[in-house]
2 protein chains.
Amino acid sequence: MSATIRDVARRAGVGLGTVSRVLNNSPLVSDATRQRVLDVIAELDYAPSHVARNLSLGRTQTIAAIAPFFTRPSVVERLRGAEATLAGSPYDLVVFNVESVERRNSCLQTVPRRDRYDGLLLISLAPQPAEVAAMRSAGVPVVVIDKTVPDLPCVTIDDQAGGHMATYHLINLGHRRIAYLSDPLRDPLNFEFTSSQDRYLGYRKALANAGISFRDDYHVSGPHDRYEARVLAQRLLAMDEPPTAIFAASDTQAMGVLEAARDCRLRVPHDLSVIGFDDIDVAAYLNLTTIRQPLFETGARGVEMLLTMLENPDRTHSNERLPVSLVVRGTTAPVAG
Amino acid sequence: MSATIRDVARRAGVGLGTVSRVLNNSPLVSDATRQRVLDVIAELDYAPSHVARNLSLGRTQTIAAIAPFFTRPSVVERLRGAEATLAGSPYDLVVFNVESVERRNSCLQTVPRRDRYDGLLLISLAPQPAEVAAMRSAGVPVVVIDKTVPDLPCVTIDDQAGGHMATYHLINLGHRRIAYLSDPLRDPLNFEFTSSQDRYLGYRKALANAGISFRDDYHVSGPHDRYEARVLAQRLLAMDEPPTAIFAASDTQAMGVLEAARDCRLRVPHDLSVIGFDDIDVAAYLNLTTIRQPLFETGARGVEMLLTMLENPDRTHSNERLPVSLVVRGTTAPVAG
DNA sequence: CTGTTAGCGCTTTCAT
DNA sequence: ATGAAAGCGCTAACAG
């Protein structure tokens, strides 16, 4: 079929090793020989076998990324950042999409194998201690994105600051009845997005700083989904003393809130202020005020960290926290009346 | 480091081949021996090397997918379908995101290598004849999704029927001044989505069937982007005799149209009917009438075809065309007055 | 500088 | 039924 290194060697009248040296830009080859080999390579349209080289070198040149819910715009952006960074390297990116607990578990168990992937990127997925231990003993470098996991290098954003920022913005506009709508705060499987937890902390802190007492019934949570958020928001808006502003833990959920406002014939931002989190693509379209987080950048940074870990196996990486920022658009306004 | 097949053989007191046979479920091994080997495998926590096996078998167990613009919801859905189908197979999916012509060319040139990937999935990307020839001579099975390419098995949707369906729906509602907003119809690089072309054909045909004469100025095109579409639509709506309905070649572009309508203080669907194409996730949220195409399914089907091609290399695959359907929501209504 | 040789870890004849 | 041996295509250590 395709030409091998042996064919090249024979045709060029040189030894096997010499061809290999040329391939690897070794300086231990005379210019004349190198040129002859290069010519034959071109002539035979030879390309070294990737697998063979990897077997010999004991690596795979592949890094795996496990991420939940491809469809989630935030996940796609992170993946995009990872892919873009890897594009400039010799590594391939293989992806695993996780949409069920079974799949999560099977991926986390089977993917971290040293003989299959040189590195592992965990996006919005936090392994259990036992799983972390397994990865360690498998010897696969791992970087976690969008989660903080003990004993593993992580790249996250300052969720608490973001939560604070969002709430503070609302308080600044004169709001006092501020609700928080999020994913469930605690999830035993670490499957859902626990960043909601930290944003909640920021929310609580901002409230406390402003001397506004926290109301338990102003905090609602449910699955990360527009429709669920809509129902949750409807419940909020149907209260005797409904909130004048809602902070949604994600733009997707904020969309549900906007939907609910429409259902209740409330005008945004006149009757209700809404702020989201993420600044995904549609946020601009919806003119949604939100907290921007550097999605693409976290993916890119995660890969960079992984790459330096691969180059320098003993260097241990600390966690990194990327900054968030407030993007004021049209869904927040001073409280009415 | 990790145990090899040799360690297992030695420890079990059997030959190398026997362990291999056990690994591959060969019937040519006695139950007793098999059990002994299995025990040792468990004891040593042995796992066969993926690369070594692949080198020996002359394959990679990896299929590559090249797709433009990860962020495009339609692309993500297709990728998701591909990944889901591959999840049930021993193949890995490595992805390449293309966002520039340079990258497109470099991917199309470097990725199709038999020694690197067992198969190739081209999503919304049509290779040139020379590129097709290169793939063929490289011996890599290829399936194209969302494009029709000569000499290559393709899975597409009936764009023309979709275009007809959309236009016909509008005509049925009494509209006669119907505009078509799309990507550029012809693209020398085959980089953009040429399906716009077929939808255009369907549009023209529906018009002709209804005895409505085509107006050249009712057809506008520009880059596949919400903002571009918005500008285009504004131009349309500023005409002396503006259209009463706009058919956008994608939901993303339809979003731009809705935006433009808002800019012009037009009420949808009262003053203007809008219909999109794709039925991406946000379409339901925006209550957008659209033509649904089976995005996930095309990705899944493409992988299925690739998989059968891998099993049966000589079997040649014909093109497949998946059906589209009309989803009536709230952005289309009978023409006013 | 360059040719030769010994693996990398597994599959697959080929004998036995 | 099972062991031994010959590759798969390449890299790297070893002689010259």
# chains A, B, ... in the order shown; residues from 1 in each chain; ligands from 1
>>> interface_residues(of="chain C", to="chain B", cutoff="7 Å", atoms="only C-alpha atoms (C1' of nucleotides)", output="PyMOL selection string")
chain C and resi 9-11
>>> select_by_dssp(residues="segment 266-325 of chain B", states="alpha helix (DSSP H)", output="number ranges by chain")
B: 281-286, 295-311
>>> residues_around(residues="DT2 of chain C", least_positions_apart="5", cutoff="8 Å", atoms="only C-alpha atoms (C1' of nucleotides)", output="compact mmCIF listing (two decimals) with C-alpha atoms, in the first residue's frame")
# COMPACT_ATOMS: atom_id res chain seq x y z
CA GLY A 15 20.21 2.87 6.37
CA GLY A 17 18.19 5.05 10.96
CA THR A 18 19.31 7.74 8.59
CA VAL A 29 23.03 13.84 8.86
>>> residues_around(residues="Val94 of chain A", least_positions_apart="4", cutoff="7 Å", atoms="only C-alpha atoms (C1' of nucleotides)", output="PDB file with C-alpha atoms, in the first residue's frame")
ATOM      1  CA  ILE A  63      -5.947  14.469  24.277  1.00  0.00           C
ATOM      2  CA  ALA A  64      -9.473  13.632  25.338  1.00  0.00           C
ATOM      3  CA  ALA A  65     -12.125  16.074  26.417  1.00  0.00           C
TER       4      ALA A  65
ATOM      5  CA  ASP B  92     -13.040   7.669  18.832  1.00  0.00           C
ATOM      6  CA  LEU B  93     -14.168  10.930  17.312  1.00  0.00           C
ATOM      7  CA  VAL B  94     -11.598  13.631  16.763  1.00  0.00           C
ATOM      8  CA  VAL B  95     -12.862  17.015  15.726  1.00  0.00           C
TER       9      VAL B  95
END
>>> residues_around(residues="DA15 of chain D", least_positions_apart="2", cutoff="12 Å", atoms="only C-alpha atoms (C1' of nucleotides)", output="PyMOL selection string")
(chain C and resi 2-5) or (chain D and resi 13)
>>> write_last_selection(atoms="C-alpha atoms (C1' of nucleotides)", output="PDB file, in the first residue's frame")
ATOM      1  C1'  DT C   2      25.820   6.409   9.132  1.00  0.00           C
ATOM      2  C1'  DG C   3      24.303   1.382   9.149  1.00  0.00           C
ATOM      3  C1'  DT C   4      22.623  -2.211  12.239  1.00  0.00           C
ATOM      4  C1'  DT C   5      20.004  -3.944  15.874  1.00  0.00           C
TER       5       DT C   5
ATOM      6  C1'  DA D  13      21.038   2.954  21.467  1.00  0.00           C
TER       7       DA D  13
END
>>> select_by_dssp(residues="segment 15-170 of chain A", states="strand (DSSP E or B)", output="PyMOL selection string")
chain A and resi 62-68+92-98+119-123+142-145+154-157
>>> closest_atom_pairs(of="chain D", to="chain B", cutoff="7 Å", atoms="only C-alpha atoms (C1' of nucleotides)", output="CSV")
residue,atom,partner,partner_atom,distance
D:DA1,C1',B:Val29,CA,5.7
D:DT2,C1',B:Thr18,CA,6.6
D:DG3,C1',B:Gly15,CA,5.3
D:DC8,C1',B:Ser56,CA,4.6
>>> closest_residue(among="A:Asp225, A:Glu311, A:Asp7, A:Asp278", to="chain B", atoms="only C-alpha atoms")
A:Asp225
>>> atom_distance(atom1="atom CA of Leu79 of chain B", atom2="atom CA of Leu306 of chain B")
14.2 Å
>>> residues_around(residues="Thr290 of chain A", least_positions_apart="6", cutoff="8 Å", atoms="only C-alpha atoms (C1' of nucleotides)", output="number ranges by chain")
A: 166, 251, 275-279, 283, 326-329
>>> write_last_selection(atoms="N, CA and C atoms", output="PDB file, in the first residue's frame")
ATOM      1  N   ALA A 166     -23.506  40.778  39.939  1.00  0.00           N
ATOM      2  CA  ALA A 166     -24.867  40.806  39.397  1.00  0.00           C
ATOM      3  C   ALA A 166     -25.834  41.391  40.421  1.00  0.00           C
ATOM      4  N   ASP A 251     -27.567  32.460  31.290  1.00  0.00           N
ATOM      5  CA  ASP A 251     -28.355  33.161  30.280  1.00  0.00           C
ATOM      6  C   ASP A 251     -29.499  32.289  29.789  1.00  0.00           C
ATOM      7  N   ILE A 275     -31.266  39.713  35.056  1.00  0.00           N
ATOM      8  CA  ILE A 275     -29.845  39.642  34.720  1.00  0.00           C
ATOM      9  C   ILE A 275     -29.434  38.178  34.632  1.00  0.00           C
ATOM     10  N   GLY A 276     -28.616  37.880  33.645  1.00  0.00           N
ATOM     11  CA  GLY A 276     -28.198  36.493  33.440  1.00  0.00           C
ATOM     12  C   GLY A 276     -26.738  36.285  33.805  1.00  0.00           C
ATOM     13  N   PHE A 277     -26.166  35.201  33.282  1.00  0.00           N
ATOM     14  CA  PHE A 277     -24.768  34.881  33.556  1.00  0.00           C
ATOM     15  C   PHE A 277     -24.234  34.078  32.377  1.00  0.00           C
ATOM     16  N   ASP A 278     -23.082  34.462  31.897  1.00  0.00           N
ATOM     17  CA  ASP A 278     -22.353  33.774  30.821  1.00  0.00           C
ATOM     18  C   ASP A 278     -22.023  34.698  29.653  1.00  0.00           C
ATOM     19  N   ASP A 279     -23.055  35.442  29.229  1.00  0.00           N
ATOM     20  CA  ASP A 279     -22.929  36.231  27.997  1.00  0.00           C
ATOM     21  C   ASP A 279     -22.696  35.331  26.802  1.00  0.00           C
ATOM     22  N   ALA A 283     -27.384  36.307  24.131  1.00  0.00           N
ATOM     23  CA  ALA A 283     -27.590  37.352  25.135  1.00  0.00           C
ATOM     24  C   ALA A 283     -27.641  38.727  24.465  1.00  0.00           C
ATOM     25  N   LEU A 326     -19.280  42.735  34.204  1.00  0.00           N
ATOM     26  CA  LEU A 326     -20.695  43.060  34.043  1.00  0.00           C
ATOM     27  C   LEU A 326     -20.943  43.655  32.665  1.00  0.00           C
ATOM     28  N   VAL A 327     -21.942  43.144  31.965  1.00  0.00           N
ATOM     29  CA  VAL A 327     -22.325  43.709  30.664  1.00  0.00           C
ATOM     30  C   VAL A 327     -23.741  44.242  30.790  1.00  0.00           C
ATOM     31  N   VAL A 328     -23.846  45.558  30.869  1.00  0.00           N
ATOM     32  CA  VAL A 328     -25.172  46.144  31.049  1.00  0.00           C
ATOM     33  C   VAL A 328     -25.871  46.315  29.711  1.00  0.00           C
ATOM     34  N   ARG A 329     -27.036  45.712  29.599  1.00  0.00           N
ATOM     35  CA  ARG A 329     -27.829  45.891  28.384  1.00  0.00           C
ATOM     36  C   ARG A 329     -29.222  46.354  28.788  1.00  0.00           C
TER      37      ARG A 329
END
>>> residues_around(residues="Pro269 of chain A", least_positions_apart="6", cutoff="10 Å", atoms="only C-alpha atoms (C1' of nucleotides)", output="JSON list (two decimals) with C-alpha atoms, in the first residue's frame")
[["chain", "number", "residue", "atom", "x", "y", "z"],
["A", 244, "THR", "CA", -38.70, 43.25, 41.28],
["A", 245, "ALA", "CA", -35.55, 41.71, 39.91],
["A", 258, "LEU", "CA", -37.99, 36.55, 30.16],
["A", 261, "ALA", "CA", -42.35, 37.73, 32.36],
["A", 275, "ILE", "CA", -29.85, 39.64, 34.72],
["A", 288, "LEU", "CA", -29.89, 40.78, 28.10],
["A", 330, "GLY", "CA", -31.55, 46.47, 28.30],
["A", 331, "THR", "CA", -33.13, 44.05, 30.75],
["A", 332, "THR", "CA", -32.17, 45.83, 33.94],
["A", 333, "ALA", "CA", -33.40, 49.27, 35.04],
["A", 334, "PRO", "CA", -34.03, 51.25, 38.19],
["A", 335, "VAL", "CA", -36.82, 49.78, 40.26],
["A", 336, "ALA", "CA", -40.24, 51.20, 39.39]]
>>> decode(residues="segment 124-187 of chain A", atoms="C-alpha atoms", output="mmCIF file, in the first residue's frame")
data_model
loop_
_atom_site.group_PDB
_atom_site.id
_atom_site.type_symbol
_atom_site.label_atom_id
_atom_site.label_comp_id
_atom_site.auth_asym_id
_atom_site.auth_seq_id
_atom_site.Cartn_x
_atom_site.Cartn_y
_atom_site.Cartn_z
ATOM 1 C CA SER A 124 -17.817 21.273 33.719
ATOM 2 C CA LEU A 125 -17.438 17.866 35.252
ATOM 3 C CA ALA A 126 -16.005 17.130 38.664
ATOM 4 C CA PRO A 127 -14.664 13.642 39.358
ATOM 5 C CA GLN A 128 -15.117 12.051 42.764
ATOM 6 C CA PRO A 129 -12.053 11.527 44.951
ATOM 7 C CA ALA A 130 -11.944 7.852 43.988
ATOM 8 C CA GLU A 131 -12.021 8.813 40.334
ATOM 9 C CA VAL A 132 -9.276 11.342 40.865
ATOM 10 C CA ALA A 133 -7.185 8.657 42.504
ATOM 11 C CA ALA A 134 -7.760 6.346 39.560
ATOM 12 C CA MET A 135 -6.624 9.048 37.158
ATOM 13 C CA ARG A 136 -3.545 9.671 39.183
ATOM 14 C CA SER A 137 -2.595 6.030 39.275
ATOM 15 C CA ALA A 138 -3.282 5.767 35.571
ATOM 16 C CA GLY A 139 -0.711 8.500 35.175
ATOM 17 C CA VAL A 140 -2.800 10.705 32.912
ATOM 18 C CA PRO A 141 -2.377 14.447 33.294
ATOM 19 C CA VAL A 142 -5.756 16.054 33.902
ATOM 20 C CA VAL A 143 -7.001 19.612 33.866
ATOM 21 C CA VAL A 144 -10.462 20.551 35.030
ATOM 22 C CA ILE A 145 -12.354 23.453 33.548
ATOM 23 C CA ASP A 146 -15.257 25.187 35.230
ATOM 24 C CA LYS A 147 -15.056 23.129 38.410
ATOM 25 C CA THR A 148 -12.791 23.132 41.381
ATOM 26 C CA VAL A 149 -11.539 19.700 42.269
ATOM 27 C CA PRO A 150 -9.109 18.914 45.085
ATOM 28 C CA ASP A 151 -5.721 17.643 43.952
ATOM 29 C CA LEU A 152 -6.312 18.587 40.330
ATOM 30 C CA PRO A 153 -5.266 21.723 38.444
ATOM 31 C CA CYS A 154 -8.390 23.694 37.604
ATOM 32 C CA VAL A 155 -9.238 26.724 35.570
ATOM 33 C CA THR A 156 -12.352 28.427 36.765
ATOM 34 C CA ILE A 157 -13.895 31.820 36.946
ATOM 35 C CA ASP A 158 -14.663 33.825 40.007
ATOM 36 C CA ASP A 159 -18.256 32.728 40.364
ATOM 37 C CA GLN A 160 -18.658 34.305 43.721
ATOM 38 C CA ALA A 161 -17.467 37.671 42.434
ATOM 39 C CA GLY A 162 -19.827 37.265 39.499
ATOM 40 C CA GLY A 163 -22.759 36.544 41.756
ATOM 41 C CA HIS A 164 -21.877 39.515 43.829
ATOM 42 C CA MET A 165 -21.464 41.729 40.782
ATOM 43 C CA ALA A 166 -24.867 40.806 39.397
ATOM 44 C CA THR A 167 -26.646 41.316 42.669
ATOM 45 C CA TYR A 168 -24.804 44.525 43.410
ATOM 46 C CA HIS A 169 -25.822 45.928 40.028
ATOM 47 C CA LEU A 170 -29.449 45.242 40.880
ATOM 48 C CA ILE A 171 -29.096 46.768 44.341
ATOM 49 C CA ASN A 172 -27.504 49.818 42.786
ATOM 50 C CA LEU A 173 -30.591 50.232 40.655
ATOM 51 C CA GLY A 174 -32.633 50.419 43.823
ATOM 52 C CA HIS A 175 -33.928 46.870 43.905
ATOM 53 C CA ARG A 176 -34.448 45.238 47.269
ATOM 54 C CA ARG A 177 -36.628 42.315 46.358
ATOM 55 C CA ILE A 178 -34.112 40.319 44.393
ATOM 56 C CA ALA A 179 -34.605 36.670 43.571
ATOM 57 C CA TYR A 180 -31.993 34.116 42.578
ATOM 58 C CA LEU A 181 -32.871 31.370 40.147
ATOM 59 C CA SER A 182 -30.361 28.611 39.608
ATOM 60 C CA ASP A 183 -29.496 24.991 39.190
ATOM 61 C CA PRO A 184 -29.814 22.857 42.291
ATOM 62 C CA LEU A 185 -27.094 24.020 44.657
ATOM 63 C CA ARG A 186 -26.029 20.634 45.794
ATOM 64 C CA ASP A 187 -25.713 17.678 43.580
#
